[in-house]
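Undergrad: Enclosed is the structure file target-v4.tsv (TSV, C-alpha atoms and all ligand atoms).
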chain	number	residue	atom	x	y	z
W	1	MET	CA	-9.88	121.12	-44.92
W	2	LYS	CA	-8.03	117.86	-45.65
W	3	SER	CA	-9.90	114.65	-45.09
W	4	ASP	CA	-8.98	110.99	-45.38
W	5	TYR	CA	-12.13	110.37	-47.43
W	6	LEU	CA	-13.03	112.15	-50.66
W	7	VAL	CA	-16.40	111.50	-52.27
W	8	ILE	CA	-16.57	112.60	-55.90
W	9	SER	CA	-19.88	112.98	-57.70
W	10	CYS	CA	-19.06	112.60	-61.39
W	11	SER	CA	-22.48	113.09	-62.99
W	12	LEU	CA	-23.17	116.40	-64.68
W	13	ASN	CA	-26.92	115.70	-64.70
W	14	PRO	CA	-28.85	117.91	-62.25
W	15	GLU	CA	-31.16	114.97	-61.39
W	16	SER	CA	-28.36	112.43	-61.07
W	17	ASN	CA	-28.98	109.14	-59.27
W	18	SER	CA	-25.28	108.42	-58.71
W	19	ARG	CA	-25.09	111.74	-56.84
W	20	LYS	CA	-27.84	110.49	-54.48
W	21	MET	CA	-25.73	107.40	-53.71
W	22	ALA	CA	-22.54	109.41	-53.38
W	23	LYS	CA	-24.34	111.77	-50.98
W	24	ALA	CA	-25.59	108.82	-48.89
W	25	ALA	CA	-22.00	107.50	-48.66
W	26	PHE	CA	-20.73	110.98	-47.82
W	27	ASP	CA	-23.31	111.38	-45.02
W	28	LEU	CA	-22.25	108.04	-43.51
W	29	LEU	CA	-18.58	109.00	-43.63
W	30	GLN	CA	-19.38	112.36	-42.02
W	31	GLN	CA	-21.17	110.56	-39.20
W	32	ARG	CA	-18.07	108.43	-38.67
W	33	GLY	CA	-15.59	111.33	-38.73
W	34	SER	CA	-15.02	113.59	-41.68
W	35	ALA	CA	-15.17	113.48	-45.45
W	36	GLU	CA	-14.79	115.95	-48.28
W	37	TRP	CA	-17.42	116.34	-50.99
W	38	LEU	CA	-16.46	117.13	-54.58
W	39	ASP	CA	-19.07	117.65	-57.30
W	40	LEU	CA	-17.58	117.76	-60.80
W	41	ARG	CA	-20.31	120.25	-61.82
W	42	ASP	CA	-18.48	122.80	-59.66
W	43	TYR	CA	-15.18	122.55	-61.56
W	44	GLU	CA	-14.81	123.45	-65.20
W	45	LEU	CA	-12.15	121.13	-66.64
W	46	PRO	CA	-10.48	120.86	-70.04
W	47	ILE	CA	-10.67	117.61	-71.98
W	48	CYS	CA	-7.41	115.75	-71.36
W	49	ASP	CA	-5.00	116.14	-74.27
W	50	GLY	CA	-1.97	114.58	-72.62
W	51	GLY	CA	-0.28	118.01	-72.71
W	52	PRO	CA	-1.35	121.61	-72.06
W	53	ALA	CA	-4.59	120.56	-70.33
W	54	TYR	CA	-2.54	119.45	-67.30
W	55	GLY	CA	-1.70	123.11	-66.71
W	56	HIS	CA	-5.33	124.18	-66.14
W	57	GLY	CA	-5.73	125.59	-62.60
W	58	ASN	CA	-8.63	123.31	-61.66
W	59	VAL	CA	-6.63	120.21	-62.58
W	60	GLU	CA	-4.08	120.86	-59.84
W	61	ILE	CA	-6.84	121.73	-57.33
W	62	LEU	CA	-8.58	118.41	-57.95
W	63	ALA	CA	-5.33	116.43	-58.12
W	64	GLN	CA	-4.36	117.80	-54.70
W	65	LYS	CA	-7.71	116.83	-53.18
W	66	ILE	CA	-7.18	113.28	-54.48
W	67	ARG	CA	-3.57	113.22	-53.26
W	68	ASP	CA	-4.67	114.36	-49.79
W	69	ALA	CA	-7.23	111.55	-49.43
W	70	LYS	CA	-6.53	107.98	-48.38
W	71	CYS	CA	-9.74	106.78	-49.95
W	72	VAL	CA	-11.80	108.09	-52.88
W	73	LEU	CA	-15.40	107.01	-53.46
W	74	MET	CA	-16.74	107.85	-56.92
W	75	GLY	CA	-20.41	108.26	-57.78
W	76	VAL	CA	-20.47	107.50	-61.49
W	77	PRO	CA	-23.09	107.33	-64.22
W	78	ILE	CA	-22.77	104.40	-66.62
W	79	TYR	CA	-22.60	105.67	-70.19
W	80	ASN	CA	-21.98	103.39	-73.18
W	81	PHE	CA	-20.97	100.50	-70.94
W	82	ASP	CA	-18.28	102.59	-69.21
W	83	VAL	CA	-18.09	105.36	-66.63
W	84	ASN	CA	-19.15	108.70	-68.09
W	85	ALA	CA	-16.62	110.80	-69.96
W	86	ALA	CA	-16.40	113.35	-67.12
W	87	ALA	CA	-15.22	110.67	-64.67
W	88	LYS	CA	-12.73	109.21	-67.11
W	89	ASN	CA	-11.49	112.69	-68.03
W	90	LEU	CA	-10.88	113.43	-64.34
W	91	ILE	CA	-8.78	110.28	-64.03
W	92	GLU	CA	-6.88	111.08	-67.24
W	93	LEU	CA	-6.15	114.60	-65.97
W	94	THR	CA	-5.10	113.61	-62.45
W	95	GLY	CA	-3.31	110.28	-63.14
W	96	ARG	CA	-0.62	109.76	-60.52
W	97	ALA	CA	-2.67	111.46	-57.80
W	98	TRP	CA	-4.51	108.11	-57.58
W	99	THR	CA	-1.38	106.20	-56.58
W	100	GLU	CA	-2.11	103.66	-53.85
W	101	LYS	CA	-5.52	105.11	-52.99
W	102	VAL	CA	-8.37	102.94	-51.85
W	103	VAL	CA	-11.09	103.49	-54.47
W	104	GLY	CA	-14.77	102.54	-54.43
W	105	PHE	CA	-17.57	102.97	-56.96
W	106	LEU	CA	-21.25	103.80	-56.72
W	107	CYS	CA	-22.68	103.30	-60.20
W	108	ALA	CA	-26.03	104.51	-61.53
W	109	ALA	CA	-27.28	102.87	-64.71
W	110	GLY	CA	-30.38	102.74	-66.85
W	111	GLY	CA	-30.62	98.96	-66.84
W	112	LYS	CA	-29.47	95.92	-64.91
W	113	SER	CA	-27.02	94.53	-67.48
W	114	SER	CA	-24.15	97.04	-67.39
W	115	TYR	CA	-22.83	96.05	-63.98
W	116	MET	CA	-19.34	95.25	-65.29
W	117	SER	CA	-18.97	98.62	-67.02
W	118	VAL	CA	-16.73	100.07	-64.34
W	119	MET	CA	-14.09	97.36	-64.82
W	120	GLY	CA	-12.13	99.19	-67.53
W	121	VAL	CA	-11.47	102.18	-65.34
W	122	ALA	CA	-11.00	99.99	-62.24
W	123	ASN	CA	-8.35	97.95	-64.05
W	124	SER	CA	-6.60	101.10	-65.21
W	125	LEU	CA	-6.48	102.52	-61.67
W	126	MET	CA	-5.25	99.22	-60.30
W	127	LEU	CA	-2.61	98.51	-62.93
W	128	ASP	CA	-1.40	102.05	-63.65
W	129	PHE	CA	-1.50	103.49	-60.13
W	130	ARG	CA	-1.74	100.52	-57.75
W	131	SER	CA	-5.06	101.84	-56.46
W	132	LEU	CA	-6.74	99.26	-54.29
W	133	ILE	CA	-10.24	98.80	-55.71
W	134	ILE	CA	-12.86	97.93	-53.10
W	135	PRO	CA	-14.49	94.76	-54.40
W	136	ARG	CA	-17.93	95.92	-53.32
W	137	PHE	CA	-19.37	97.94	-56.14
W	138	VAL	CA	-22.72	99.58	-55.59
W	139	TYR	CA	-24.78	99.37	-58.77
W	140	ALA	CA	-28.36	100.55	-59.13
W	141	ASP	CA	-30.84	101.29	-61.89
W	142	GLY	CA	-33.52	103.96	-61.83
W	143	SER	CA	-35.97	101.88	-59.78
W	144	SER	CA	-33.83	102.34	-56.64
W	145	PHE	CA	-34.39	106.08	-56.21
W	146	ASP	CA	-37.05	108.64	-55.38
W	147	ALA	CA	-36.79	112.28	-56.40
W	148	THR	CA	-34.16	113.19	-53.85
W	149	SER	CA	-32.55	110.06	-52.41
W	150	VAL	CA	-31.88	106.33	-52.49
W	151	SER	CA	-35.13	104.49	-51.73
W	152	ASP	CA	-34.13	100.83	-52.18
W	153	ALA	CA	-33.22	99.09	-48.91
W	154	LEU	CA	-30.72	96.70	-50.53
W	155	VAL	CA	-28.88	99.55	-52.25
W	156	LYS	CA	-28.73	101.38	-48.91
W	157	THR	CA	-27.22	98.26	-47.33
W	158	ARG	CA	-24.66	98.02	-50.10
W	159	ILE	CA	-23.70	101.68	-49.58
W	160	ASP	CA	-23.25	100.93	-45.84
W	161	GLU	CA	-21.04	97.97	-46.69
W	162	LEU	CA	-18.96	99.98	-49.13
W	163	VAL	CA	-18.41	102.70	-46.51
W	164	GLU	CA	-17.52	100.18	-43.79
W	165	THR	CA	-15.00	98.50	-46.09
W	166	ALA	CA	-13.55	101.88	-47.07
W	167	ILE	CA	-13.06	102.75	-43.39
W	168	THR	CA	-11.46	99.37	-42.68
W	169	LEU	CA	-9.01	99.63	-45.57
W	170	ALA	CA	-8.08	103.30	-45.82
W	171	GLY	CA	-5.73	103.57	-42.82
W	172	PRO	CA	-3.78	100.30	-43.30
W	173	VAL	CA	-3.38	100.79	-47.07
W	174	ALA	CA	-2.06	104.34	-46.56
W	175	GLU	CA	0.36	103.04	-43.89
W	176	GLN	CA	1.58	100.32	-46.20
W	177	ALA	CA	2.01	102.83	-49.05
W	178	LYS	CA	4.05	105.11	-46.76
W	179	LYS	CA	6.33	102.21	-45.78
W	180	ALA	CA	6.77	101.17	-49.41
W	181	ASN	CA	7.53	104.74	-50.57
W	182	PRO	CA	9.31	106.58	-47.74
W	183	ALA	CA	9.54	110.32	-48.49
W	201	LIG	C1	-25.08	108.80	-73.18
W	201	LIG	C2	-25.71	107.79	-72.26
W	201	LIG	C3	-25.27	106.48	-72.31
W	201	LIG	C4	-25.81	105.53	-71.45
W	201	LIG	N1	-25.35	104.24	-71.51
W	201	LIG	C5	-25.84	103.31	-70.64
W	201	LIG	C6	-25.32	101.98	-70.62
W	201	LIG	O1	-24.41	101.60	-71.37
W	201	LIG	N2	-25.88	101.10	-69.74
W	201	LIG	C7	-26.90	101.45	-68.89
W	201	LIG	O2	-27.35	100.62	-68.10
W	201	LIG	N3	-27.38	102.73	-68.86
W	201	LIG	C8	-26.88	103.66	-69.71
W	201	LIG	N4	-27.34	104.96	-69.67
W	201	LIG	C9	-28.33	105.35	-68.64
W	201	LIG	C10	-27.61	106.01	-67.44
W	201	LIG	O3	-26.66	105.14	-66.88
W	201	LIG	C11	-28.62	106.43	-66.37
W	201	LIG	O4	-29.40	107.49	-66.89
W	201	LIG	C12	-27.99	106.82	-65.04
W	201	LIG	O5	-29.00	107.23	-64.15
W	201	LIG	C13	-26.96	107.92	-65.23
W	201	LIG	O6	-26.38	108.30	-63.98
W	201	LIG	P1	-26.74	109.67	-63.26
W	201	LIG	O7	-28.25	109.62	-63.01
W	201	LIG	O8	-25.96	109.68	-62.02
W	201	LIG	O9	-26.38	110.80	-64.18
W	201	LIG	C14	-26.83	105.91	-70.53
W	201	LIG	C15	-27.25	107.24	-70.50
W	201	LIG	C16	-26.69	108.17	-71.34
W	201	LIG	C17	-27.16	109.61	-71.24
Represent the structure from my file as structure tokens, please.
TA:
Amino acid sequence: MKSDYLVISCSLNPESNSRKMAKAAFDLLQQRGSAEWLDLRDYELPICDGGPAYGHGNVEILAQKIRDAKCVLMGVPIYNFDVNAAAKNLIELTGRAWTEKVVGFLCAAGGKSSYMSVMGVANSLMLDFRSLIIPRFVYADGSSFDATSVSDALVKTRIDELVETAITLAGPVAEQAKKANPA
């Protein structure tokens, strides 16, 4: 089923904290209408090689889900002061599918100092594909979670704010994109 909102959990770790935040955002979007959930653990993907990898069947499946959405929220682990390789690989593989999407990030990190790590990928989405990046990143270290969910009240508030902003922006940005690029 197509939905305006796609929430992608990019961690491959079974005990992922970014997945807990992505799930919280997904639940809020579901309460407000509908959203689609995508867990990268469920899709085997090749490493992007700029060539034959684009022909892998799962690449087109995921690209279409991104194309169908007006807004994509990404739950991402911070690895080596960047998003993890699985998230970046997804973006490399699906490139233009991100054109003029509203994009938000929920970042899980090990420490408090890597909060700008998502900027490289955010800049790339913005400059390469005119994605509109929601300037409300959610960023949390391990102290904000219990075994199954987000426990920190401030992080929960920030997830609420991210979702509200996503809902506010998704429709108008998609309308504007349609006007700018009539079929
Ligand atoms: C390979 C690797 C690199 C990491 N690099 C960073 C980093 O640069 N900054 C940081 O704050 N945490 C770093 N961490 C810690 C992770 O961000 C942390 O474990 C986070 O919970 C991962 O997200 P996840 O739980 O959703 O998988 C790293 C972890 C791994 C495994």
Undergrad: Starting from the point (-5.9, 104.6, -56.8), work out which residues of protein, DNA or RNA have an atom no more than 12 Å away when counting all atoms listed in the file; state them as a PyMOL selection string.
TA: chain W and resi 63+66-67+69-74+91+94-105+121-134+170+173-174+177
Undergrad: Using only C-alpha atoms and all ligand atoms, find each protein or nucleic acid residue lying at most 8 Å from ligand LIG 201 (chain W); present the set as a PyMOL selection string.
TA: chain W and resi 10-20+75-82+84+107-115+117+141-142
Undergrad: Provide the atom CA of Val7 of chain W to atom CA of Ser34 of chain W distance in Å, to one decimal place.
TA: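 Atom CA of Val7 of chain W sits 10.9 Å away from atom CA of Ser34 of chain W.
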Undergrad: Counting all atoms listed in the file, what is within 9 Å of Ala25 of chain W, bar same-chain residues fewer than 3 positions away, as an NGL selection string?
TA: :W and (7 or 20-22 or 28-30 or 73 or 106 or 159-160 or 162-163)
Undergrad: Record the distance separating atom CA of Pro46 of chain W and atom CA of Leu6 of chain W, expressed in Å with one decimal.
TA: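 Result for atom CA of Pro46 of chain W versus atom CA of Leu6 of chain W: 21.4 Å, one decimal.
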Undergrad: Using all atoms listed in the file for the distances, tell me which of W:Val118, W:Gly50, W:Lys2, W:Lys179 is nearest to Asn89 of chain W.
TA: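 With all atoms listed in the file as the atom set, the closest residue is W:Gly50.
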Undergrad: Could you check which of W:Phe145, W:Tyr43, W:Phe137, W:Tyr54 is closest to Ala166 of chain W, using all atoms listed in the file?
TA: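 So, comparing all the options, the nearest one is W:Phe137.
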